[in-house]
file entry-v5.cif (mmCIF, C-alpha atoms and all ligand atoms)
data_run
loop_
_atom_site.label_atom_id
_atom_site.label_comp_id
_atom_site.auth_asym_id
_atom_site.auth_seq_id
_atom_site.Cartn_x
_atom_site.Cartn_y
_atom_site.Cartn_z
CA MET A 97 -92.42 -16.64 -12.37
CA LEU A 98 -95.32 -14.20 -12.12
CA PRO A 99 -94.92 -10.93 -14.00
CA PRO A 100 -94.44 -8.05 -11.54
CA THR A 101 -96.91 -5.23 -10.98
CA PRO A 102 -95.41 -2.17 -12.70
CA SER A 103 -94.36 0.91 -10.78
CA GLN A 104 -96.03 4.32 -11.23
CA THR A 105 -95.08 7.79 -10.08
CA VAL A 106 -95.83 8.72 -6.47
CA GLY A 107 -97.36 11.97 -7.80
CA PRO A 108 -97.70 15.21 -5.85
CA TYR A 109 -100.45 14.28 -3.37
CA TYR A 110 -98.87 11.56 -1.23
CA GLY A 111 -98.55 14.09 1.60
CA THR A 112 -101.89 13.14 3.15
CA ALA A 113 -100.88 9.48 3.37
CA LEU A 114 -97.18 8.70 3.54
CA PRO A 115 -95.36 11.15 5.85
CA PHE A 116 -95.84 10.53 9.58
CA PRO A 117 -94.86 12.44 12.72
CA GLY A 118 -91.27 11.79 13.73
CA GLY A 119 -90.64 10.08 10.40
CA GLY A 120 -87.02 11.22 10.32
CA ASP A 121 -86.34 10.59 14.02
CA LEU A 122 -84.91 7.10 14.02
CA ALA A 123 -82.78 7.77 17.09
CA PRO A 124 -84.64 7.65 20.41
CA PRO A 125 -85.08 11.26 21.63
CA GLY A 126 -82.06 12.50 23.60
CA HIS A 127 -79.91 9.48 22.73
CA PRO A 128 -76.27 10.55 23.31
CA LYS A 129 -75.05 8.87 20.11
CA THR A 130 -77.55 10.56 17.82
CA VAL A 131 -76.11 11.62 14.49
CA THR A 132 -77.66 13.98 11.97
CA VAL A 133 -77.64 13.11 8.28
CA HIS A 134 -78.97 15.91 6.14
CA GLY A 135 -78.74 17.47 2.71
CA HIS A 136 -80.64 18.57 -0.37
CA VAL A 137 -82.24 16.80 -3.30
CA TYR A 138 -81.42 18.56 -6.60
CA ASP A 139 -82.65 18.13 -10.15
CA GLY A 140 -80.56 18.28 -13.33
CA GLU A 141 -80.33 22.08 -13.24
CA GLY A 142 -79.35 22.18 -9.57
CA THR A 143 -82.82 23.30 -8.53
CA PRO A 144 -83.88 21.91 -5.14
CA VAL A 145 -86.68 19.34 -5.33
CA PRO A 146 -89.36 20.39 -2.81
CA ASP A 147 -91.58 17.34 -3.03
CA ALA A 148 -89.28 14.33 -2.80
CA LEU A 149 -89.82 11.60 -0.23
CA LEU A 150 -86.79 9.83 1.19
CA GLU A 151 -86.95 6.43 2.89
CA PHE A 152 -84.04 5.02 4.86
CA TRP A 153 -83.50 1.45 5.98
CA GLN A 154 -80.45 0.52 8.04
CA ALA A 155 -78.93 -1.87 10.55
CA ALA A 156 -79.23 -1.17 14.26
CA PRO A 157 -76.06 -0.10 16.09
CA ASP A 158 -75.46 -3.76 17.06
CA GLY A 159 -75.55 -4.75 13.38
CA SER A 160 -78.97 -6.36 13.56
CA LEU A 161 -81.09 -6.18 10.41
CA ALA A 162 -84.17 -7.62 12.11
CA GLY A 163 -85.86 -4.22 12.40
CA ALA A 164 -88.74 -3.57 14.79
CA PRO A 165 -92.36 -2.47 14.40
CA GLY A 166 -93.41 1.00 15.45
CA SER A 167 -91.88 3.31 12.83
CA LEU A 168 -95.26 4.93 12.11
CA ARG A 169 -96.00 5.52 15.79
CA ARG A 170 -92.64 5.81 17.47
CA ASP A 171 -92.58 4.94 21.16
CA GLY A 172 -89.26 6.72 21.84
CA ARG A 173 -87.43 3.50 22.70
CA ALA A 174 -87.39 0.96 19.87
CA PHE A 175 -84.86 1.37 17.06
CA THR A 176 -86.97 0.37 14.07
CA GLY A 177 -84.36 0.89 11.34
CA PHE A 178 -86.88 2.63 9.07
CA ALA A 179 -87.29 6.36 8.45
CA ARG A 180 -89.39 8.38 6.01
CA VAL A 181 -88.62 12.05 5.42
CA PRO A 182 -90.17 14.47 2.91
CA THR A 183 -88.00 17.30 1.58
CA CYS A 184 -89.04 20.82 2.57
CA ARG A 185 -89.82 23.71 0.25
CA ASP A 186 -86.08 24.29 -0.23
CA GLY A 187 -85.36 20.65 -1.05
CA HIS A 188 -83.75 19.98 2.33
CA TYR A 189 -84.20 16.86 4.47
CA VAL A 190 -82.99 15.93 7.95
CA LEU A 191 -82.56 12.49 9.48
CA HIS A 192 -81.64 11.83 13.13
CA THR A 193 -80.34 8.33 13.61
CA LEU A 194 -77.76 6.07 15.22
CA LEU A 195 -74.83 4.80 13.16
CA PRO A 196 -75.41 1.30 11.77
CA GLY A 197 -73.37 -1.63 13.01
CA GLY A 198 -71.87 -3.93 10.38
CA ALA A 199 -71.80 -2.48 6.88
CA PRO A 200 -71.53 1.29 7.39
CA TYR A 201 -74.27 2.48 5.08
CA LEU A 202 -77.92 3.42 5.07
CA ALA A 203 -80.05 2.14 2.20
CA LEU A 204 -81.95 5.04 0.64
CA CYS A 205 -85.04 4.99 -1.56
CA VAL A 206 -85.91 8.28 -3.30
CA LEU A 207 -89.48 8.91 -4.50
CA ALA A 208 -90.72 12.02 -6.30
CA ARG A 209 -93.22 13.09 -8.86
CA GLY A 210 -91.58 12.89 -12.26
CA LEU A 211 -90.06 9.51 -11.44
CA ASP A 212 -91.98 6.55 -12.82
CA HIS A 213 -89.95 4.34 -10.52
CA HIS A 214 -88.31 5.14 -7.19
CA LEU A 215 -84.51 5.27 -7.05
CA PHE A 216 -82.26 3.23 -4.76
CA THR A 217 -78.91 4.48 -3.53
CA ARG A 218 -76.68 4.15 -0.45
CA VAL A 219 -75.45 6.65 2.10
CA TYR A 220 -72.03 5.50 3.29
CA VAL A 221 -71.03 7.03 6.62
CA ALA A 222 -67.58 5.43 6.32
CA GLU A 223 -65.61 3.88 3.46
CA PRO A 224 -65.30 0.22 4.38
CA PRO A 225 -62.39 -1.78 2.95
CA GLY A 226 -63.45 -4.50 0.55
CA ASP A 227 -66.91 -3.09 -0.18
CA LEU A 228 -67.95 -4.68 -3.48
CA LEU A 229 -70.02 -1.76 -4.73
CA LEU A 230 -67.59 1.05 -3.88
CA ALA A 231 -64.66 -0.94 -5.30
CA ALA A 232 -66.44 -1.27 -8.64
CA LEU A 233 -66.92 2.49 -9.09
CA PRO A 234 -64.49 5.13 -10.42
CA ALA A 235 -63.45 7.63 -7.73
CA GLN A 236 -65.67 10.48 -8.91
CA ARG A 237 -68.77 8.27 -8.99
CA ARG A 238 -67.85 6.65 -5.67
CA ALA A 239 -67.77 10.08 -4.03
CA THR A 240 -71.50 10.56 -4.69
CA LEU A 241 -72.26 7.75 -2.20
CA LEU A 242 -70.11 9.06 0.65
CA ALA A 243 -71.71 11.17 3.37
CA ARG A 244 -69.26 13.93 4.35
CA PRO A 245 -68.66 14.60 8.05
CA GLU A 246 -69.33 18.30 8.53
CA PRO A 247 -66.25 20.23 9.55
CA GLY A 248 -66.48 21.75 13.02
CA GLN A 249 -69.67 19.87 13.84
CA ARG A 250 -69.78 16.69 15.83
CA ASN A 251 -72.02 13.85 14.74
CA SER A 252 -73.26 15.54 11.60
CA TYR A 253 -73.04 14.31 8.04
CA ARG A 254 -74.02 15.88 4.77
CA PHE A 255 -75.45 13.82 1.89
CA ASP A 256 -76.94 15.46 -1.19
CA VAL A 257 -78.92 13.57 -3.81
CA LYS A 258 -78.37 14.78 -7.38
CA LEU A 259 -81.00 13.23 -9.58
CA GLN A 260 -79.31 14.19 -12.84
CA GLY A 261 -76.24 15.95 -14.23
CA GLU A 262 -72.45 16.00 -14.14
CA ASP A 263 -72.17 14.67 -10.58
CA GLU A 264 -75.34 12.59 -10.67
CA THR A 265 -75.71 10.30 -7.65
CA VAL A 266 -75.01 6.62 -8.33
CA PHE A 267 -78.37 4.86 -8.34
CA LEU A 268 -78.61 1.12 -7.85
CA SER A 269 -80.36 -1.69 -9.63
CA TRP A 270 -81.32 -5.04 -8.15
CA HIS A 271 -83.05 -6.44 -11.17
CA GLN A 272 -82.10 -8.75 -13.97
CA GLN A 273 -82.75 -7.09 -17.30
CA HIS A 274 -86.31 -7.96 -18.31
CA GLY A 275 -86.00 -6.80 -21.89
CA ASN A 276 -88.58 -4.06 -21.38
CA ASP A 277 -88.55 -0.75 -19.63
CA GLU A 278 -91.12 -1.28 -16.92
CA ASP A 279 -88.48 -1.52 -14.23
CA GLY A 280 -86.48 1.48 -15.26
CA ASN A 281 -86.67 5.22 -15.37
CA SER A 282 -85.42 5.40 -18.90
CA GLU A 283 -88.78 5.53 -20.62
CA GLY A 284 -89.25 8.20 -23.25
CA MET B 1463 -91.75 9.13 -20.36
CA ALA B 1464 -91.16 11.19 -17.28
CA LEU B 1465 -94.38 13.11 -17.06
CA SER B 1466 -95.91 13.42 -13.66
CA GLU B 1467 -99.24 14.58 -12.36
CA PRO B 1468 -100.69 17.09 -12.20
CA ALA B 1469 -99.44 19.64 -14.62
CA GLN B 1470 -100.91 22.66 -12.91
CA GLU B 1471 -98.47 22.63 -10.03
CA ARG B 1472 -95.66 24.95 -11.06
CA ILE B 1473 -92.40 24.13 -9.37
CA ARG B 1474 -90.19 26.74 -11.02
CA PRO B 1475 -90.55 30.17 -12.64
CA THR B 1476 -91.76 29.78 -16.18
CA ASP B 1477 -91.60 31.52 -19.51
CA PRO B 1478 -94.81 33.61 -19.72
CA ASP B 1479 -95.52 32.14 -23.16
CA ASP B 1480 -95.17 28.63 -21.84
CA SER B 1481 -98.05 26.53 -20.58
CA ALA B 1482 -97.99 25.15 -17.06
CA PHE B 1483 -98.25 21.75 -18.65
CA ALA B 1484 -95.07 22.16 -20.72
CA THR B 1485 -93.27 23.62 -17.71
CA ALA B 1486 -94.21 20.66 -15.53
CA LEU B 1487 -93.09 18.27 -18.25
CA ARG B 1488 -89.68 19.91 -18.50
CA ALA B 1489 -89.27 20.06 -14.72
CA ALA B 1490 -90.13 16.38 -14.43
CA ALA B 1491 -87.61 15.46 -17.15
CA LEU B 1492 -84.86 17.13 -15.10
CA ARG B 1493 -85.50 14.66 -12.30
CA VAL B 1494 -84.80 11.50 -14.23
CA PRO B 1495 -81.22 10.19 -13.98
CA LEU B 1496 -79.41 10.01 -17.30
CA ARG B 1497 -76.87 7.36 -16.31
CA PRO B 1498 -77.90 3.72 -16.09
CA ALA B 1499 -78.39 2.31 -12.61
CA VAL B 1500 -75.43 0.33 -11.29
CA ARG B 1501 -76.12 -3.36 -10.73
CA VAL B 1502 -75.30 -4.08 -7.11
CA PRO B 1503 -72.82 -6.91 -6.62
CA VAL B 1504 -74.58 -9.18 -4.13
CA PRO B 1505 -72.21 -11.41 -2.19
CA LEU B 1506 -72.85 -15.13 -2.43
CA PRO B 1507 -74.86 -16.63 0.45
CA PRO B 1508 -74.86 -16.03 3.30
CA ALA B 1509 -75.77 -12.57 2.05
CA SER B 1510 -76.76 -11.34 5.48
CA ARG B 1511 -74.71 -8.15 5.18
CA THR B 1512 -76.61 -6.84 2.20
CA VAL B 1513 -78.87 -4.39 3.98
CA GLU B 1514 -81.33 -4.06 1.09
CA LEU B 1515 -82.14 -7.78 1.08
CA THR B 1516 -83.82 -7.24 4.42
CA GLY B 1517 -86.45 -4.62 5.15
CA PRO B 1518 -88.49 -2.80 7.74
CA VAL B 1519 -91.12 -4.65 9.73
CA PHE B 1520 -94.52 -3.29 10.68
CA GLY B 1521 -97.09 -4.42 13.19
CA ALA B 1522 -99.98 -3.51 15.44
CA ALA B 1523 -97.93 -0.59 16.75
CA ASP B 1524 -98.05 0.95 13.27
CA VAL B 1525 -101.52 0.17 11.96
CA GLY B 1526 -104.82 0.07 13.83
CA PRO B 1527 -107.70 -2.22 12.80
CA LEU B 1528 -109.78 0.73 11.54
CA ASP B 1529 -107.00 2.36 9.48
CA GLY B 1530 -108.12 0.45 6.39
CA ASP B 1531 -111.63 1.93 6.42
CA LEU B 1532 -111.48 5.33 4.70
CA THR B 1533 -115.22 5.87 5.23
CA ARG B 1534 -114.92 5.96 9.04
CA GLN B 1535 -112.26 8.58 9.64
CA HIS B 1536 -114.63 11.46 10.33
CA ARG B 1537 -117.82 12.08 12.21
CA GLY B 1538 -120.05 11.85 9.13
CA GLU B 1539 -120.31 9.58 6.14
CA PRO B 1540 -118.33 10.62 3.05
CA ILE B 1541 -120.14 11.21 -0.24
CA GLY B 1542 -119.66 8.58 -2.92
CA GLU B 1543 -120.20 5.06 -4.10
CA ARG B 1544 -119.02 2.58 -1.42
CA ILE B 1545 -116.41 0.13 -2.62
CA VAL B 1546 -114.16 -2.52 -1.15
CA VAL B 1547 -110.73 -2.88 -2.76
CA GLY B 1548 -108.80 -6.00 -1.85
CA GLY B 1549 -106.49 -8.68 -3.12
CA ARG B 1550 -103.36 -10.63 -2.50
CA VAL B 1551 -99.74 -9.47 -2.35
CA THR B 1552 -97.19 -12.06 -3.44
CA ASP B 1553 -93.63 -12.26 -4.67
CA ARG B 1554 -92.91 -13.39 -8.21
CA ARG B 1555 -93.08 -17.02 -7.14
CA GLY B 1556 -96.57 -16.56 -5.81
CA ARG B 1557 -95.54 -16.77 -2.17
CA PRO B 1558 -97.65 -14.53 0.10
CA VAL B 1559 -96.08 -11.35 1.44
CA ARG B 1560 -97.21 -11.53 5.07
CA GLY B 1561 -97.66 -8.81 7.66
CA GLN B 1562 -96.42 -6.04 5.41
CA LEU B 1563 -97.60 -2.46 5.18
CA VAL B 1564 -99.98 -1.40 2.40
CA GLU B 1565 -100.82 2.29 2.14
CA VAL B 1566 -103.35 3.97 -0.17
CA TRP B 1567 -104.32 7.51 -1.03
CA GLN B 1568 -106.91 8.85 -3.43
CA ALA B 1569 -109.14 11.71 -4.53
CA ASN B 1570 -112.65 11.98 -3.10
CA ALA B 1571 -115.77 11.06 -5.10
CA ALA B 1572 -115.64 14.47 -6.85
CA GLY B 1573 -112.03 14.03 -7.97
CA ARG B 1574 -110.42 16.34 -5.39
CA TYR B 1575 -107.53 15.49 -3.05
CA ALA B 1576 -107.57 16.78 0.51
CA HIS B 1577 -104.16 18.29 -0.23
CA PRO B 1578 -103.30 22.01 -0.29
CA LEU B 1579 -101.67 21.78 -3.73
CA ASP B 1580 -104.79 20.42 -5.39
CA ARG B 1581 -106.56 23.44 -6.95
CA HIS B 1582 -109.12 21.52 -8.96
CA PRO B 1583 -112.41 23.38 -8.35
CA ALA B 1584 -114.35 20.30 -7.27
CA PRO B 1585 -115.72 20.17 -3.72
CA LEU B 1586 -113.72 18.91 -0.78
CA ASP B 1587 -115.57 16.43 1.42
CA PRO B 1588 -115.25 17.21 5.13
CA ASN B 1589 -115.85 13.53 5.84
CA PHE B 1590 -113.16 12.17 3.56
CA THR B 1591 -109.37 12.48 3.77
CA GLY B 1592 -108.58 9.67 1.34
CA ALA B 1593 -105.66 7.96 3.09
CA GLY B 1594 -105.59 4.47 4.59
CA ARG B 1595 -103.27 1.72 5.78
CA CYS B 1596 -103.44 -1.95 6.50
CA LEU B 1597 -101.20 -4.97 7.02
CA THR B 1598 -101.36 -8.03 4.78
CA ASP B 1599 -102.62 -11.18 6.53
CA ASP B 1600 -101.00 -14.62 6.62
CA ASP B 1601 -102.20 -15.30 3.09
CA GLY B 1602 -100.87 -11.95 1.83
CA ARG B 1603 -104.34 -10.42 1.63
CA TYR B 1604 -105.16 -6.73 2.07
CA ARG B 1605 -108.53 -4.97 2.18
CA PHE B 1606 -109.70 -1.35 2.12
CA VAL B 1607 -113.19 0.09 2.48
CA THR B 1608 -113.52 3.41 0.66
CA VAL B 1609 -115.49 5.37 -1.93
CA ARG B 1610 -114.81 5.25 -5.63
CA PRO B 1611 -112.50 8.18 -6.47
CA GLY B 1612 -113.61 10.67 -9.11
CA ALA B 1613 -111.66 11.55 -12.25
CA TYR B 1614 -109.73 14.83 -12.31
CA PRO B 1615 -108.19 17.05 -15.00
CA LEU B 1616 -104.45 17.59 -15.37
CA GLY B 1617 -104.67 21.22 -16.46
CA ASP B 1618 -103.85 23.12 -19.61
CA PRO B 1619 -103.36 22.70 -22.46
CA GLY B 1620 -105.93 20.41 -23.94
CA ASP B 1621 -108.19 18.35 -21.82
CA HIS B 1622 -106.21 15.56 -20.17
CA TRP B 1623 -108.13 13.75 -17.45
CA ARG B 1624 -106.85 11.15 -15.07
CA ALA B 1625 -108.95 7.99 -15.02
CA SER B 1626 -110.21 7.04 -11.54
CA HIS B 1627 -107.31 5.55 -9.60
CA LEU B 1628 -106.01 4.68 -6.16
CA HIS B 1629 -102.36 5.28 -5.29
CA PHE B 1630 -100.72 2.28 -3.59
CA SER B 1631 -97.51 1.95 -1.56
CA LEU B 1632 -96.21 -1.50 -0.57
CA PHE B 1633 -93.31 -3.12 1.23
CA GLY B 1634 -92.01 -6.62 0.75
CA THR B 1635 -89.72 -8.66 2.95
CA ALA B 1636 -86.72 -6.98 1.29
CA PHE B 1637 -86.23 -3.23 0.82
CA THR B 1638 -85.57 -3.99 -2.87
CA GLN B 1639 -89.20 -5.11 -3.24
CA ARG B 1640 -90.56 -1.64 -2.47
CA LEU B 1641 -93.38 -0.67 -4.80
CA VAL B 1642 -95.36 2.51 -5.35
CA THR B 1643 -97.98 2.36 -8.05
CA GLN B 1644 -101.59 3.11 -9.03
CA MET B 1645 -104.69 0.93 -9.40
CA TYR B 1646 -107.37 1.57 -12.02
CA PHE B 1647 -110.98 0.47 -12.56
CA PRO B 1648 -112.13 -1.89 -15.32
CA GLY B 1649 -114.08 -0.39 -18.20
CA ASP B 1650 -113.21 3.22 -17.33
CA PRO B 1651 -113.70 5.23 -20.55
CA LEU B 1652 -110.92 7.63 -19.50
CA LEU B 1653 -108.35 4.85 -19.22
CA PRO B 1654 -107.25 4.60 -22.89
CA ALA B 1655 -106.28 8.30 -22.87
CA ASP B 1656 -104.75 8.44 -19.36
CA ILE B 1657 -101.18 9.65 -19.93
CA ILE B 1658 -99.94 8.45 -16.54
CA TRP B 1659 -101.29 4.94 -17.13
CA HIS B 1660 -99.43 5.05 -20.46
CA THR B 1661 -96.09 5.76 -18.79
CA VAL B 1662 -96.02 1.96 -18.52
CA SER B 1663 -95.22 1.27 -22.15
CA GLU B 1664 -95.86 -2.46 -22.36
CA THR B 1665 -99.54 -3.29 -22.97
CA ALA B 1666 -99.61 -6.45 -20.85
CA ALA B 1667 -97.89 -4.68 -17.95
CA ARG B 1668 -100.31 -1.78 -18.18
CA ALA B 1669 -103.25 -4.21 -18.02
CA ARG B 1670 -101.91 -5.52 -14.69
CA LEU B 1671 -102.70 -2.14 -13.12
CA VAL B 1672 -106.43 -2.56 -13.76
CA SER B 1673 -108.54 -4.19 -11.04
CA VAL B 1674 -111.26 -6.79 -11.59
CA PHE B 1675 -114.91 -6.19 -10.68
CA ASP B 1676 -115.65 -8.75 -7.96
CA PRO B 1677 -119.04 -8.27 -6.27
CA ALA B 1678 -118.21 -11.01 -3.75
CA LEU B 1679 -115.58 -8.75 -2.19
CA GLY B 1680 -118.13 -6.08 -1.33
CA GLU B 1681 -120.67 -6.15 1.48
CA PRO B 1682 -124.19 -7.07 0.33
CA GLY B 1683 -126.44 -4.04 0.12
CA ARG B 1684 -123.60 -1.71 1.01
CA SER B 1685 -120.58 -1.80 -1.27
CA LEU B 1686 -119.21 -3.05 -4.59
CA GLY B 1687 -115.95 -4.96 -4.75
CA TYR B 1688 -112.82 -4.65 -6.85
CA ARG B 1689 -110.04 -7.22 -6.65
CA TRP B 1690 -106.48 -6.29 -7.42
CA ASP B 1691 -103.63 -8.73 -6.86
CA ILE B 1692 -100.12 -7.32 -6.59
CA VAL B 1693 -96.83 -9.02 -7.44
CA LEU B 1694 -93.69 -7.53 -5.90
CA ASP B 1695 -90.54 -7.62 -7.99
CA GLY B 1696 -86.95 -7.53 -6.87
CA PRO B 1697 -84.82 -10.02 -5.05
CA SER B 1698 -86.24 -11.04 -1.70
CA ALA B 1699 -84.23 -12.22 1.26
CA THR B 1700 -85.31 -15.81 0.67
CA TRP B 1701 -84.23 -15.56 -2.92
CA ALA B 1702 -80.73 -14.62 -1.81
CA GLU B 1703 -80.61 -17.44 0.73
CA GLU B 1704 -81.41 -19.84 -2.05
CA GLY B 1705 -78.53 -18.43 -4.05
CA ARG B 1706 -80.57 -17.39 -7.04
FE FE C 1801 -103.69 10.78 -8.30
#
call {"tool": "encode", "arguments": {"input": "entry-v5.cif", "output": "structure tokens", "more": "lines below"}}
Ligand SMILES: [Fe+3]
result
Amino acid sequence: MLPPTPSQTVGPYYGTALPFPGGGDLAPPGHPKTVTVHGHVYDGEGTPVPDALLEFWQAAPDGSLAGAPGSLRRDGRAFTGFARVPTCRDGHYVLHTLLPGGAPYLALCVLARGLDHHLFTRVYVAEPPGDLLLAALPAQRRATLLARPEPGQRNSYRFDVKLQGEDETVFLSWHQQHGNDEDGNSEG
Amino acid sequence: MALSEPAQERIRPTDPDDSAFATALRAAALRVPLRPAVRVPVPLPPASRTVELTGPVFGAADVGPLDGDLTRQHRGEPIGERIVVGGRVTDRRGRPVRGQLVEVWQANAAGRYAHPLDRHPAPLDPNFTGAGRCLTDDDGRYRFVTVRPGAYPLGDPGDHWRASHLHFSLFGTAFTQRLVTQMYFPGDPLLPADIIWHTVSETAARARLVSVFDPALGEPGRSLGYRWDIVLDGPSATWAEEGR
């Protein structure tokens, strides 16, 4: 097995390269089943993080995970399954999408300066019975992965990312332990 | 080590006695989770319902043939030494990662980013934005034409400089293979003291971020070449299918 290329922080200047117009508009414009998923990214003191970049990957409404090209130049028709949204000055992000078929969650990758490695988590828009990950978590930790339908608003969900602290979001690992810290965020 | 670049960007009110550098360090530390990441239970094959073992696809609709040439994005020629940066993207078994998106961004030849937050008093270049994209070919190869980025300082205190580097963003066939990292140049005298390079603590791993001088990659009489091969970590979809 080849040794992997290590990860490095995204830094503060990705803005000229990574964000693209309509990055958070996964749903075709005017689609009647559009849902909004939005929230804030907070640091360990509850301060909003103004320079985080959020990437979402999800199944299409029919459950397909095949994806489609065209995320970077959306044509208004294809559902590509991929979205990229920077947080604003106040740490807020907004995603417009269609609910995934199959497993009811969006995969989320959080990048920000200060993180040597991006963070994976999941945004569950429903609590599916028999989900292996949710079942393995204590209730308080599980709650950090559940998007909350907003009272009085149709088709709107709130999902905050808390990078650190009492109610820190559950972040996910896909790696075997390598015996060194190049895969983690635990350095220093 | 959770330090991020550059230190001069203040993201919260600070103690007047405090340096911007110390403030940025503390702010960055507040962004790093304290709890260990939870290992995701992956169902035995067929693992088709694990969303993260698949990933987005990109194509001609996303990336044009000229998007990988950072020297041709404006009317005039940018200032700087012409270089070609290229290499191969594979998974840990050496299999090519085909048709996937590679994105780069960098400072101009004077060490300045075309970004409003960069206050380093080096000149902007009206003919250089410093951002490019390409897709890997059937052999996993990528290629960018650009100028060699300049070094830049991190701000007070002391005199920390970033070695010349290109920022890279890559996708694999699975969302779990996502990689954002930085590429360095061989023999750069600033490298041994670059504190961001040193956030990778293992010496051998750190060395894998340094490219190799490869004149054959450049265009004769026009540009020098640097080769940098990239290995994506993380379980890929094929890996899961094979039940590993
Ligand atoms: Fe940089």
call {"tool": "residues_near_ligand", "arguments": {"input": "entry-v5.cif", "ligand": "ligand FE 1801 (chain C)", "cutoff": "9 Å", "atoms": "all atoms listed in the file", "output": "PyMOL selection string"}}
result
(chain A and resi 106-110) or (chain B and resi 1467-1468+1567-1569+1573+1575+1613-1614+1624-1629+1644)
call {"tool": "residues_around", "arguments": {"input": "entry-v5.cif", "residues": "segment 260-271 of chain A", "least_positions_apart": "4", "cutoff": "7 Å", "atoms": "only C-alpha atoms", "output": "list of chain:residue names"}}
result
A:Asp139, A:Gly140, A:Leu215, A:Phe216, A:Thr217, A:Arg237, A:Thr240, A:Leu241, B:Leu1492, B:Arg1493, B:Val1494, B:Pro1495, B:Leu1496, B:Ala1499, B:Val1500, B:Arg1501, B:Val1502, B:Thr1638, B:Gly1696, B:Pro1697
call {"tool": "closest_residue", "arguments": {"input": "entry-v5.cif", "among": "B:Phe1590, B:Phe1637, B:Tyr1646, B:Phe1606", "to": "chain A", "atoms": "only C-alpha atoms"}}
result
B:Phe1637
call {"tool": "interface_residues", "arguments": {"input": "entry-v5.cif", "of": "chain A", "to": "chain B", "cutoff": "7 Å", "atoms": "only C-alpha atoms", "output": "PyMOL selection string"}}
result
chain A and resi 97-110+112-113+139-141+153-154+161+163-169+177-178+199+203+209-212+228-229+259-260+266-271+278+281+283-284
call {"tool": "atom_distance", "arguments": {"input": "entry-v5.cif", "atom1": "atom CA of Gly1530 of chain B", "atom2": "atom CA of Asp1601 of chain B"}}
result
17.1 Å
call {"tool": "closest_residue", "arguments": {"input": "entry-v5.cif", "among": "A:Arg185, A:Tyr253, A:Thr193, A:Ala239", "to": "Gly126 of chain A", "atoms": "all atoms listed in the file"}}
result
A:Thr193
call {"tool": "atom_distance", "arguments": {"input": "entry-v5.cif", "atom1": "atom CA of Arg1605 of chain B", "atom2": "atom CA of Pro1527 of chain B"}}
result
11.0 Å
call {"tool": "residues_around", "arguments": {"input": "entry-v5.cif", "residues": "Leu1686 of chain B", "least_positions_apart": "4", "cutoff": "10 Å", "atoms": "all atoms listed in the file", "output": "NGL selection string"}}
result
:B and (1543-1547 or 1607 or 1609-1610 or 1675-1682)
call {"tool": "atom_distance", "arguments": {"input": "entry-v5.cif", "atom1": "atom CA of His188 of chain A", "atom2": "atom CA of Gly135 of chain A"}}
result
5.6 Å
call {"tool": "residues_around", "arguments": {"input": "entry-v5.cif", "residues": "Gln249 of chain A", "least_positions_apart": "4", "cutoff": "12 Å", "atoms": "all atoms listed in the file", "output": "PyMOL selection string"}}
result
chain A and resi 131-133+244-245+253-254
call {"tool": "residues_near_point", "arguments": {"input": "entry-v5.cif", "point": "(-85.8, 22.4, -5.0)", "cutoff": "9 Å", "atoms": "all atoms listed in the file", "output": "ChimeraX atom specification"}}
result
/A:136-139,142-147,183-188 /B:1473-1474
call {"tool": "build_atoms", "arguments": {"input": "entry-v5.cif", "residues": "segment 106-115 of chain A", "atoms": "N, CA and C atoms", "output": "CSV table (one decimal), in the coordinates of the input"}}
result
chain,number,residue,atom,x,y,z
A,106,VAL,N,-95.2,8.5,-7.8
A,106,VAL,CA,-95.8,8.7,-6.5
A,106,VAL,C,-96.7,9.9,-6.6
A,107,GLY,N,-96.5,10.8,-7.6
A,107,GLY,CA,-97.4,12.0,-7.8
A,107,GLY,C,-97.1,13.0,-6.7
A,108,PRO,N,-97.9,14.1,-6.8
A,108,PRO,CA,-97.7,15.2,-5.8
A,108,PRO,C,-98.5,15.1,-4.6
A,109,TYR,N,-99.5,14.2,-4.5
A,109,TYR,CA,-100.4,14.3,-3.4
A,109,TYR,C,-100.3,13.2,-2.3
A,110,TYR,N,-99.1,12.6,-2.2
A,110,TYR,CA,-98.9,11.6,-1.2
A,110,TYR,C,-98.8,12.1,0.2
A,111,GLY,N,-98.8,13.5,0.3
A,111,GLY,CA,-98.6,14.1,1.6
A,111,GLY,C,-99.6,13.8,2.6
A,112,THR,N,-100.8,13.5,2.2
A,112,THR,CA,-101.9,13.1,3.2
A,112,THR,C,-101.8,11.7,3.7
A,113,ALA,N,-100.9,10.9,3.0
A,113,ALA,CA,-100.9,9.5,3.4
A,113,ALA,C,-99.5,9.0,3.9
A,114,LEU,N,-98.4,9.4,3.2
A,114,LEU,CA,-97.2,8.7,3.5
A,114,LEU,C,-96.4,9.3,4.7
A,115,PRO,N,-96.2,10.6,4.7
A,115,PRO,CA,-95.4,11.2,5.8
A,115,PRO,C,-96.1,10.9,7.2
